[in-house]
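Input: a single structure, listed below in structure tokens.
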2 protein chains.
Amino acid sequence: MKNNLPVQITWHPCKQSKVPVYQQIVNFVYKKISSGEWNAGTYLPAQRRMAEIFDVNRSTVVSAMEELASYGIVAGKGRMGTKIISDTWSLMLPNALDWEKYINAGVFRANKRIIRMINRFEFAPGIARISTGELDPRLFPTTMWSQVLQKVSKENFTFNYLEALGAPCLRRVIAARMQKRGMRVSAANILVTSGALQGLQLISVGLLKSNSVVYAETPGYLQSLRVFQSAGMKLRGVSMDKRGIEFWKLPANDIMKQKNKAFLYTIPTNHNPTGVTMSLSRRRELMEFCNKRQLPIIEDGAYEELCFNNIPQSLKSMDENNIVIYLGTVSKTLAPGLRVGWLVAPEPIVQRLGDVKMQMDYGTSSVSQLILLEFLNSGFYDEHIKEVKQELLIRRDNAIAVLKKYCADIASWNVPDGGFYIWMTFKNNIPIEKLFFAALQRKILFNPGKIYDLMSNNSLRVSYSYLSCREFAEAMKKFSEIIAELSIQHK
Amino acid sequence: MKNNLPVQITWHPCKQSKVPVYQQIVNFVYKKISSGEWNAGTYLPAQRRMAEIFDVNRSTVVSAMEELASYGIVAGKGRMGTKIISDTWSLMLPNALDWEKYINAGVFRANKRIIRMINRFEFAPGIARISTGELDPRLFPTTMWSQVLQKVSKENFTFNYLEALGAPCLRRVIAARMQKRGMRVSAANILVTSGALQGLQLISVGLLKSNSVVYAETPGYLQSLRVFQSAGMKLRGVSMDKRGIEFWKLPANDIMKQKNKAFLYTIPTNHNPTGVTMSLSRRRELMEFCNKRQLPIIEDGAYEELCFNNIPQSLKSMDENNIVIYLGTVSKTLAPGLRVGWLVAPEPIVQRLGDVKMQMDYGTSSVSQLILLEFLNSGFYDEHIKEVKQELLIRRDNAIAVLKKYCADIASWNVPDGGFYIWMTFKNNIPIEKLFFAALQRKILFNPGKIYDLMSNNSLRVSYSYLSCREFAEAMKKFSEIIAELSIQHK
């Protein structure tokens with residue numbers, strides 16, 4: 001019979017320490033294991049019991065166990081107790097290689113803990129994802145997809161290394177589409193990337209020194225990433241109003257100091273996470289501002305094709321002096337799994353970043369590129385976007401109605417003109433971490449605002465792209481109930 | 001009528017300067033343009049004439065013009081003269097943003113110049129590629145491919161973001177294959193990468209500090225990359241004999257100093273570029289050596305499946321203490337354009353690198369993953385490899401016969417037991433840069449040895465994978481004639 005009596009713990013975390021309490025718990029368990037005191041197979045006390053022993057909130061214990069589970073050290077939770085399972089963790093072997101030293105050495109920072117958790121729970125069964133930044137898989141055009149693949153399967157194409165800059169035919173087609181949107185570019189200005197995120201990655205290591213500065217909207221998508229920080233850059237937030245980035249708040253001295261080594265990053269259209277679209281006059285003013293200061297712009301156009309009305313003029317199409325690098329992708333419109341995006345930039349920049357890309361992954365999957373090419377050439381892509389936009393519009397209207405019904409008293413929000421996102425801010429202080437775990441227990445997963453802005457701990461990103469109207473309504477009803485319960489507890 | 005009289009030049013490079021002469025020429029032209037002295041449309045003198053004016057070899061001028069052409073600044077060559085074409089090069093606009101500052105700022109180093117040239121010329125029409133490290137596209141299994149895509153087109157699969165670690169089904173299938181090769185691993189130990197190169201990239205930023213050291217065979221594939229150097233690591237070469245890496249020559253003090261922050265990188269089977277396969281006893285000794293010193297190993301298995309006889313035991317399958325990270329790929333066996341590889345490692349390493357990957361490209365193309373899965377499950381992959389190996393064996397035998405016929409007097413080489421490569425070393429000094437350009441003029445492209453080892457300037461990598469037997473024989477015949485001509489000039 002298995003002996004699963006839990007170990008006895010008398011240790012306490014130090015609440016005055018600068019090390020977060022959950023991290024202290026992680027370290028404590030870790031040391032017990034690495035010292036050989038606790039073997040694989042050892043059971044820890046129930047989480048509720050550990051919370052009592054350590055004199056901390058249950059959620060703190062949950063966080064610590066999540067962290068340990070993510071390293072494969074423990075498994076199980078709840079009343080059955082948490083079990084130490086690590087026997088791949090080579091630390092436990094005497095004199096063995098200390099992989100942990102390597103794990104902590106890499107210059108690339110770990111994703112924020114909350115994001116790692118979200119990433120994991122996104123794949124848990126039965127979870128209602130009310131913040132997810134992707135299209136509902138049920139909107140995936142399976143018939144078109146099947147036809148495109150049938151076509152591709154008959155093409156006499158070999159899948160050797162392509163030019164790192166991308167398949168020439170695809171670069172031409174993308175250039176033509178960008179021209180239609182008013183950009184004065186040719187295929188030589190297009191670099192095919194493995195998604196828009198790779199574009200940022202290439203810029204971070206290809207065009208910036210460590211200690212460079214990237215200015216970005218706050219709250220903002222970029223704050224949820226570590227790509228620039230991992231390469232040693234600083235991220236400075238710039239606030240937004242309803243017309244977009246408040247660029248005049250950028251510190252003038254700072255920009256002068258950073259001349260020739262800074263970028264401004266913006267999502268002018270259907271901003272992630274706020275849903276704001278920059279007004280035309282703001283766009284013009286921003287371009288003038290950046291031109292005067294020779295501050296180049298990274299324009300992220302990920303959600304541009306998802307405008308319910310006309311697509312506003314992109315910054316790149318106003319870019320007479322070539323100060324804008326534009327990022328495009330089909331991840332939000334067609335299929336993130338294709339991992340195809342593109343970057344529009346002056347040719348020397350394309351050459352430089354293509355050379356870096358060559359050294360990173362030898363180019364983007366050629367079958368992905370070929371499939372996208374076929375989607376574009378067949379007209380399927382545009383047809384599909386039209387349908388997606390119709391559905392998104394219905395879902396947005398539904399989402400706004402649902403929020404009015406369940407959240408009017410407790411929160412405010414914007415009404416986006418396209419894209420996926422509604423930015424919801426609570427009127428009163430809500431213990432948002434608590435809410436996160438409480439919602440998770442009821443199988444609702446959301447992205448707290450602080451992912452996008454460390455200061456904005458009272459907001460969350462709501463997405464109407466992933467759930468059907470009915471699912472969204474149900475999830476938000478449950479969500480509002482959880483909030484009500486918590487608010488009572490909170491008071 | 002176009003005025004194409006060339007500009008007058010009186011400037012001379014400084015031969016005592018530490019700046020290479022070709023770079024001085026690049027800088028000179030660049031300044032003339034950026035100062036506005038030379039406009040787009042300006043013609044430079046013929047390259048032969050420039051060589052006279054600058055008092056340098058023609059090849060130096062060619063190098064400089066290549067460099068300028070790669071930035072899109074000049075075009076054309078030979079007697080028609082070189083023309084300044086850059087009008088996207090925004091430097092020429094007064095007060096414009098200085099992109100060059102950005103291009104030179106990025107921490108990621110530019111590829112070696114010769115490699116950038118090779119990358120470009122590989123796509124030039126009519127070039128005989130006698131060194132190319134990929135399979136002949138005519139060996140691509142088009143019928144299987146078509147069937148796989150037909151199958152995939154009918155599958156009800158959505159192409160949303162996958163888990164960054166890779167599609168769980170593919171990870172399981174790869175784990176099972178690795179188990180068959182003697183590795184004690186499960187799906188949790190597999191990370192799907194966008195090619196094996198990305199595996200190196202992830203290790204460089206995820207597990208190493210800048211100033212760490214990577215030991216690697218020399219000559220070696222890793223020396224042709226900048227991936228570790230760009231992340232601030234040092235690369236230290238270790239010599240090889242016919243049985244593999246001479247690990248005992250690793251400086252003991254250095255390894256002690258680098259404890260917990262170094263890696264040893266090796267391609268034990270069908271080594272690139274030398275074709276050497278490490279003997280079993282050497283493998284055992286190496287494992288013992290690295291275990292004692294707690295020096296972890298990156299084992300690159302890219303060519304492992306291409307052994308003409310039995311596949312030797314991998315280091316990972318001897319890896320009782322979990323010190324080996326294994327890299328696999330289908331780029332050399334099936335299609336580099338799929339961009340799918342994998343990494344086998346202890347689970348905490350897989351988790352850490354998966355988190356970094358998530359931040360870099362959100363995972364590998366899911367359609368590529370699905371196609372590979374289908375290739376593996378259908379048995380097509382193994383069937384295809386069998387055919388490829390038969391053909392490679394025929395080509396290797398042919399290549400050795402051809403070398404004996406044309407090069408026996410001037411060079412020596414090894415006979416590989418698999419993979420793509422023969423390492424050919426000239427008996428006398430050959431002006432290999434001159435040979436490179438002379439061969440290029442006759443439409444033969446080869447990889448000089450110094451790509452893989454700065455010291456080995458008298459060797460070249462010969463590959464029998466890309467050309468048919470007849471094409472290879474013709475190219476080598478021509479090549480030996482060029483060598484003969486050059487040798488006479490040289491004497």
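Starting from 1 in every chain, residues are counted up; chains themselves are A, B, ... following the order of the structure tokens, and ligands are numbered from 1 as listed.
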
Counting only C-alpha atoms, which residues in chain A sit no more than 6 Å from chain B? For each one, give the nearest pair of atoms and the distance in Å, sorted by chain then residue number, as a tab-separated table.
```
residue	atom	partner	partner_atom	distance
A:Tyr71	CA	B:Pro348	CA	5.1
A:Leu97	CA	B:Gln294	CA	5.2
A:Tyr102	CA	B:Leu207	CA	4.6
A:Ile103	CA	B:Leu207	CA	5.1
A:Ala105	CA	B:Lys209	CA	5.2
A:Gly106	CA	B:Gly206	CA	4.0
A:Val107	CA	B:Val205	CA	5.3
A:Phe108	CA	B:Val205	CA	5.3
A:Pro137	CA	B:Thr158	CA	5.9
A:Ser146	CA	B:Ser153	CA	4.4
A:Leu149	CA	B:Ser153	CA	5.3
A:Gln150	CA	B:Gln150	CA	5.7
A:Ser153	CA	B:Ser146	CA	4.5
A:Thr158	CA	B:Pro137	CA	6.0
A:Phe159	CA	B:Gly337	CA	4.5
A:Asn160	CA	B:Gly337	CA	4.9
A:Tyr161	CA	B:Gly337	CA	5.1
A:Leu197	CA	B:Asp361	CA	5.8
A:Gln198	CA	B:Asp361	CA	5.3
A:Val205	CA	B:Gly106	CA	5.1
A:Gly206	CA	B:Gly106	CA	4.1
A:Leu207	CA	B:Gly106	CA	4.2
A:Leu208	CA	B:Gly106	CA	4.5
A:Lys209	CA	B:Ala105	CA	5.1
A:Gln294	CA	B:Leu97	CA	5.2
A:Ala335	CA	B:Phe159	CA	5.3
A:Pro336	CA	B:Asn160	CA	5.1
A:Gly337	CA	B:Phe159	CA	4.5
A:Leu338	CA	B:Ser365	CA	5.0
A:Arg339	CA	B:Ser365	CA	5.2
A:Pro348	CA	B:Tyr71	CA	5.1
A:Met360	CA	B:Gln198	CA	5.8
A:Asp361	CA	B:Gln198	CA	5.3
A:Ser365	CA	B:Leu338	CA	5.0
A:Ser366	CA	B:Gly337	CA	4.9
```

Write out as an MDAnalysis selection string each polymer residue whose atoms come within 7 Å of Ala216 in chain B, counting only C-alpha atoms; drop sequence neighbours fewer than 6 positions from it. chainID B and resid 236:238 264:266

Where does DSSP see strand (DSSP E or B) in range 261-388 of chain B, if you list the residues as a PDB file with N, CA and C atoms, in the first residue's frame?
```pdb
ATOM      1  N   ALA B 262      29.130  26.422 -19.356  1.00  0.00           N
ATOM      2  CA  ALA B 262      29.667  26.101 -20.676  1.00  0.00           C
ATOM      3  C   ALA B 262      28.894  24.934 -21.288  1.00  0.00           C
ATOM      4  N   PHE B 263      29.038  24.755 -22.576  1.00  0.00           N
ATOM      5  CA  PHE B 263      28.499  23.599 -23.290  1.00  0.00           C
ATOM      6  C   PHE B 263      29.575  23.045 -24.205  1.00  0.00           C
ATOM      7  N   LEU B 264      29.489  21.766 -24.494  1.00  0.00           N
ATOM      8  CA  LEU B 264      30.264  21.214 -25.591  1.00  0.00           C
ATOM      9  C   LEU B 264      29.291  20.868 -26.700  1.00  0.00           C
ATOM     10  N   TYR B 265      29.553  21.371 -27.893  1.00  0.00           N
ATOM     11  CA  TYR B 265      28.692  21.087 -29.040  1.00  0.00           C
ATOM     12  C   TYR B 265      29.390  20.094 -29.947  1.00  0.00           C
ATOM     13  N   THR B 266      28.655  19.077 -30.371  1.00  0.00           N
ATOM     14  CA  THR B 266      29.272  18.107 -31.285  1.00  0.00           C
ATOM     15  C   THR B 266      28.255  17.543 -32.271  1.00  0.00           C
ATOM     16  N   ILE B 297      26.402  18.601 -22.867  1.00  0.00           N
ATOM     17  CA  ILE B 297      26.683  18.407 -24.290  1.00  0.00           C
ATOM     18  C   ILE B 297      25.464  18.779 -25.116  1.00  0.00           C
ATOM     19  N   ILE B 298      25.690  19.477 -26.209  1.00  0.00           N
ATOM     20  CA  ILE B 298      24.652  19.622 -27.230  1.00  0.00           C
ATOM     21  C   ILE B 298      25.021  18.643 -28.342  1.00  0.00           C
ATOM     22  N   GLU B 299      24.202  17.635 -28.525  1.00  0.00           N
ATOM     23  CA  GLU B 299      24.478  16.629 -29.564  1.00  0.00           C
ATOM     24  C   GLU B 299      23.597  16.939 -30.767  1.00  0.00           C
ATOM     25  N   ASP B 300      24.226  17.286 -31.861  1.00  0.00           N
ATOM     26  CA  ASP B 300      23.477  17.626 -33.071  1.00  0.00           C
ATOM     27  C   ASP B 300      23.347  16.371 -33.933  1.00  0.00           C
ATOM     28  N   CYS B 307      22.999   7.445 -42.157  1.00  0.00           N
ATOM     29  CA  CYS B 307      24.142   6.525 -42.134  1.00  0.00           C
ATOM     30  C   CYS B 307      23.921   5.419 -43.157  1.00  0.00           C
ATOM     31  N   VAL B 324      22.985  15.582 -21.634  1.00  0.00           N
ATOM     32  CA  VAL B 324      22.964  15.816 -23.079  1.00  0.00           C
ATOM     33  C   VAL B 324      21.652  16.451 -23.525  1.00  0.00           C
ATOM     34  N   ILE B 325      21.747  17.494 -24.327  1.00  0.00           N
ATOM     35  CA  ILE B 325      20.599  18.016 -25.064  1.00  0.00           C
ATOM     36  C   ILE B 325      20.793  17.586 -26.513  1.00  0.00           C
ATOM     37  N   TYR B 326      19.823  16.862 -27.034  1.00  0.00           N
ATOM     38  CA  TYR B 326      19.937  16.323 -28.389  1.00  0.00           C
ATOM     39  C   TYR B 326      19.114  17.169 -29.341  1.00  0.00           C
ATOM     40  N   LEU B 327      19.659  17.454 -30.509  1.00  0.00           N
ATOM     41  CA  LEU B 327      18.915  18.190 -31.527  1.00  0.00           C
ATOM     42  C   LEU B 327      18.625  17.289 -32.719  1.00  0.00           C
ATOM     43  N   GLY B 328      17.375  17.236 -33.129  1.00  0.00           N
ATOM     44  CA  GLY B 328      16.993  16.485 -34.310  1.00  0.00           C
ATOM     45  C   GLY B 328      16.301  17.388 -35.311  1.00  0.00           C
ATOM     46  N   THR B 329      16.194  16.929 -36.540  1.00  0.00           N
ATOM     47  CA  THR B 329      15.573  17.730 -37.594  1.00  0.00           C
ATOM     48  C   THR B 329      15.204  16.828 -38.768  1.00  0.00           C
ATOM     49  N   GLY B 341      12.138  20.865 -36.416  1.00  0.00           N
ATOM     50  CA  GLY B 341      13.157  20.071 -35.750  1.00  0.00           C
ATOM     51  C   GLY B 341      12.663  19.792 -34.349  1.00  0.00           C
ATOM     52  N   TRP B 342      13.519  19.184 -33.537  1.00  0.00           N
ATOM     53  CA  TRP B 342      13.128  18.954 -32.146  1.00  0.00           C
ATOM     54  C   TRP B 342      14.368  18.909 -31.276  1.00  0.00           C
ATOM     55  N   LEU B 343      14.101  19.061 -30.010  1.00  0.00           N
ATOM     56  CA  LEU B 343      15.158  19.094 -29.015  1.00  0.00           C
ATOM     57  C   LEU B 343      14.737  18.101 -27.935  1.00  0.00           C
ATOM     58  N   VAL B 344      15.687  17.261 -27.500  1.00  0.00           N
ATOM     59  CA  VAL B 344      15.415  16.287 -26.452  1.00  0.00           C
ATOM     60  C   VAL B 344      16.232  16.700 -25.237  1.00  0.00           C
TER      61      VAL B 344
END
```

Can you tell me how far CA of Lys478 in chain B sits from CA of Ile444 in chain B, in Å to one decimal? 8.5 Å

Shell of 8 Å around Lys443 in chain B, only C-alpha atoms, local chain residues under 5 positions omitted, as a list in words: Gly126, Ile127 and Ala128 of chain B

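Using only C-alpha atoms, the nearest neighbour of Asn270 in chain A within the list A:Asn414, A:Asn211, A:Gln441, A:Gln47 is A:Asn414.
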
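Proximity of A:Ile25, A:Ile482, A:Leu370, A:Leu235 to Leu222 in chain A, computed with only C-alpha atoms, is greatest for A:Leu235.
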
At a cut-off of 10 Å, using only C-alpha atoms, what residues contact Pro416 in chain A? Leave out same-chain residues fewer than 5 positions from it and give the result as a ChimeraX atom specification. /A:269-271,274-277,307-308,393,396-397,400,421-423

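Residues lying within 12 Å of Arg470 in chain A, counting only C-alpha atoms and ignoring same-chain neighbours fewer than 6 positions away, are Ala128, Ile394, Arg395, Asn398, Ala399, Ala401, Val402, Tyr464, Met476 and Lys477 of chain A.
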
Assign secondary structure with DSSP using the backbone only, and return the residues of range 65-200 of chain B in alpha helix (DSSP H) as a ChimeraX atom specification. /B:65-70,99-105,113-121,142-154,168-180,196-200

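Across the model, the gap from CA of Leu373 in chain B to CA of Asp319 in chain B is 26.6 Å.
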
Show me, as a PyMOL selection string, the residues that have an atom within 10 Å of range 8-21 of chain B when counting only C-alpha atoms, minus same-chain residues fewer than 4 positions from it. chain B and resi 25-28+43-45+50+53-56+60-61+63-64

Please produce an output containing all heavy atoms for each residue in the selection, written as a short mmCIF file (atom, residue, chain, number, x, y, z; two decimals), in the first residue's frame.
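Saved to result.cif:
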```
data_model
loop_
_atom_site.label_atom_id
_atom_site.label_comp_id
_atom_site.auth_asym_id
_atom_site.auth_seq_id
_atom_site.Cartn_x
_atom_site.Cartn_y
_atom_site.Cartn_z
N ILE B 25 36.94 50.86 -48.85
CA ILE B 25 36.31 51.24 -50.12
C ILE B 25 34.80 51.41 -49.94
O ILE B 25 34.20 52.38 -50.42
CB ILE B 25 36.62 50.19 -51.22
CG1 ILE B 25 38.14 50.10 -51.44
CG2 ILE B 25 35.89 50.53 -52.52
CD1 ILE B 25 38.56 49.00 -52.40
N VAL B 26 34.21 50.47 -49.20
CA VAL B 26 32.78 50.58 -48.91
C VAL B 26 32.48 51.91 -48.22
O VAL B 26 31.60 52.66 -48.63
CB VAL B 26 32.31 49.40 -48.01
CG1 VAL B 26 30.91 49.65 -47.46
CG2 VAL B 26 32.34 48.08 -48.79
N ASN B 27 33.28 52.22 -47.20
CA ASN B 27 33.06 53.46 -46.45
C ASN B 27 33.21 54.70 -47.33
O ASN B 27 32.44 55.65 -47.21
CB ASN B 27 34.05 53.55 -45.27
CG ASN B 27 33.81 52.45 -44.25
OD1 ASN B 27 32.77 51.80 -44.26
ND2 ASN B 27 34.79 52.23 -43.38
N PHE B 28 34.20 54.64 -48.18
CA PHE B 28 34.47 55.77 -49.08
C PHE B 28 33.26 56.04 -49.98
O PHE B 28 32.75 57.16 -50.07
CB PHE B 28 35.73 55.48 -49.90
CG PHE B 28 35.90 56.35 -51.11
CD1 PHE B 28 36.23 57.69 -50.98
CD2 PHE B 28 35.70 55.83 -52.38
CE1 PHE B 28 36.37 58.50 -52.08
CE2 PHE B 28 35.85 56.64 -53.50
CZ PHE B 28 36.17 57.98 -53.36
N TYR B 43 27.57 56.66 -62.10
CA TYR B 43 28.33 55.45 -62.43
C TYR B 43 29.71 55.51 -61.80
O TYR B 43 30.37 56.54 -61.83
CB TYR B 43 28.47 55.29 -63.94
CG TYR B 43 27.29 54.58 -64.55
CD1 TYR B 43 26.15 55.29 -64.89
CD2 TYR B 43 27.29 53.20 -64.74
CE1 TYR B 43 25.04 54.65 -65.43
CE2 TYR B 43 26.19 52.54 -65.28
CZ TYR B 43 25.08 53.28 -65.62
OH TYR B 43 23.98 52.65 -66.14
N LEU B 44 30.12 54.38 -61.25
CA LEU B 44 31.49 54.25 -60.79
C LEU B 44 32.33 53.73 -61.96
O LEU B 44 31.79 53.16 -62.91
CB LEU B 44 31.57 53.25 -59.62
CG LEU B 44 30.73 53.62 -58.40
CD1 LEU B 44 30.87 52.56 -57.32
CD2 LEU B 44 31.16 54.97 -57.85
N PRO B 45 33.65 53.90 -61.90
CA PRO B 45 34.49 53.34 -62.96
C PRO B 45 34.34 51.81 -63.01
O PRO B 45 33.89 51.20 -62.04
CB PRO B 45 35.91 53.71 -62.52
CG PRO B 45 35.75 54.83 -61.54
CD PRO B 45 34.43 54.62 -60.88
N MET B 50 38.88 50.55 -61.20
CA MET B 50 38.94 50.92 -59.78
C MET B 50 40.10 50.22 -59.09
O MET B 50 40.78 50.81 -58.24
CB MET B 50 37.61 50.58 -59.07
CG MET B 50 36.55 51.64 -59.29
SD MET B 50 35.20 51.54 -58.07
CE MET B 50 34.16 50.32 -58.85
N ILE B 53 43.06 52.26 -59.83
CA ILE B 53 43.04 53.54 -59.10
C ILE B 53 43.41 53.33 -57.63
O ILE B 53 44.22 54.05 -57.06
CB ILE B 53 41.64 54.20 -59.18
CG1 ILE B 53 41.32 54.57 -60.63
CG2 ILE B 53 41.56 55.44 -58.29
CD1 ILE B 53 39.89 55.03 -60.85
N PHE B 54 42.79 52.29 -57.02
CA PHE B 54 43.02 52.05 -55.58
C PHE B 54 44.31 51.27 -55.31
O PHE B 54 44.71 51.10 -54.17
CB PHE B 54 41.86 51.27 -54.98
CG PHE B 54 40.51 51.95 -55.07
CD1 PHE B 54 39.36 51.21 -55.28
CD2 PHE B 54 40.39 53.33 -54.97
CE1 PHE B 54 38.12 51.82 -55.35
CE2 PHE B 54 39.16 53.94 -55.04
CZ PHE B 54 38.01 53.19 -55.25
N ASP B 55 44.91 50.75 -56.40
CA ASP B 55 46.10 49.91 -56.27
C ASP B 55 45.83 48.68 -55.39
O ASP B 55 46.52 48.43 -54.40
CB ASP B 55 47.27 50.71 -55.75
CG ASP B 55 48.58 49.93 -55.82
OD1 ASP B 55 48.70 49.06 -56.72
OD2 ASP B 55 49.45 50.14 -54.97
N VAL B 56 44.75 47.98 -55.72
CA VAL B 56 44.39 46.76 -54.97
C VAL B 56 44.03 45.66 -55.97
O VAL B 56 43.90 45.92 -57.17
CB VAL B 56 43.17 47.00 -54.04
CG1 VAL B 56 43.49 48.05 -52.98
CG2 VAL B 56 41.94 47.43 -54.86
N THR B 60 39.33 42.52 -54.36
CA THR B 60 39.01 43.42 -53.25
C THR B 60 37.90 44.39 -53.67
O THR B 60 36.95 44.65 -52.91
CB THR B 60 40.26 44.22 -52.83
OG1 THR B 60 41.32 43.31 -52.62
CG2 THR B 60 40.01 45.03 -51.58
N VAL B 61 38.02 44.90 -54.90
CA VAL B 61 36.97 45.79 -55.41
C VAL B 61 35.66 45.02 -55.53
O VAL B 61 34.59 45.52 -55.13
CB VAL B 61 37.37 46.38 -56.79
CG1 VAL B 61 36.22 47.18 -57.39
CG2 VAL B 61 38.61 47.25 -56.64
N SER B 63 34.68 42.54 -53.79
CA SER B 63 34.12 42.37 -52.44
C SER B 63 33.40 43.63 -51.98
O SER B 63 32.31 43.57 -51.43
CB SER B 63 35.23 42.06 -51.43
OG SER B 63 35.93 40.92 -51.80
N ALA B 64 34.05 44.76 -52.20
CA ALA B 64 33.47 46.03 -51.75
C ALA B 64 32.15 46.28 -52.46
O ALA B 64 31.15 46.68 -51.85
CB ALA B 64 34.44 47.17 -51.98
#
```
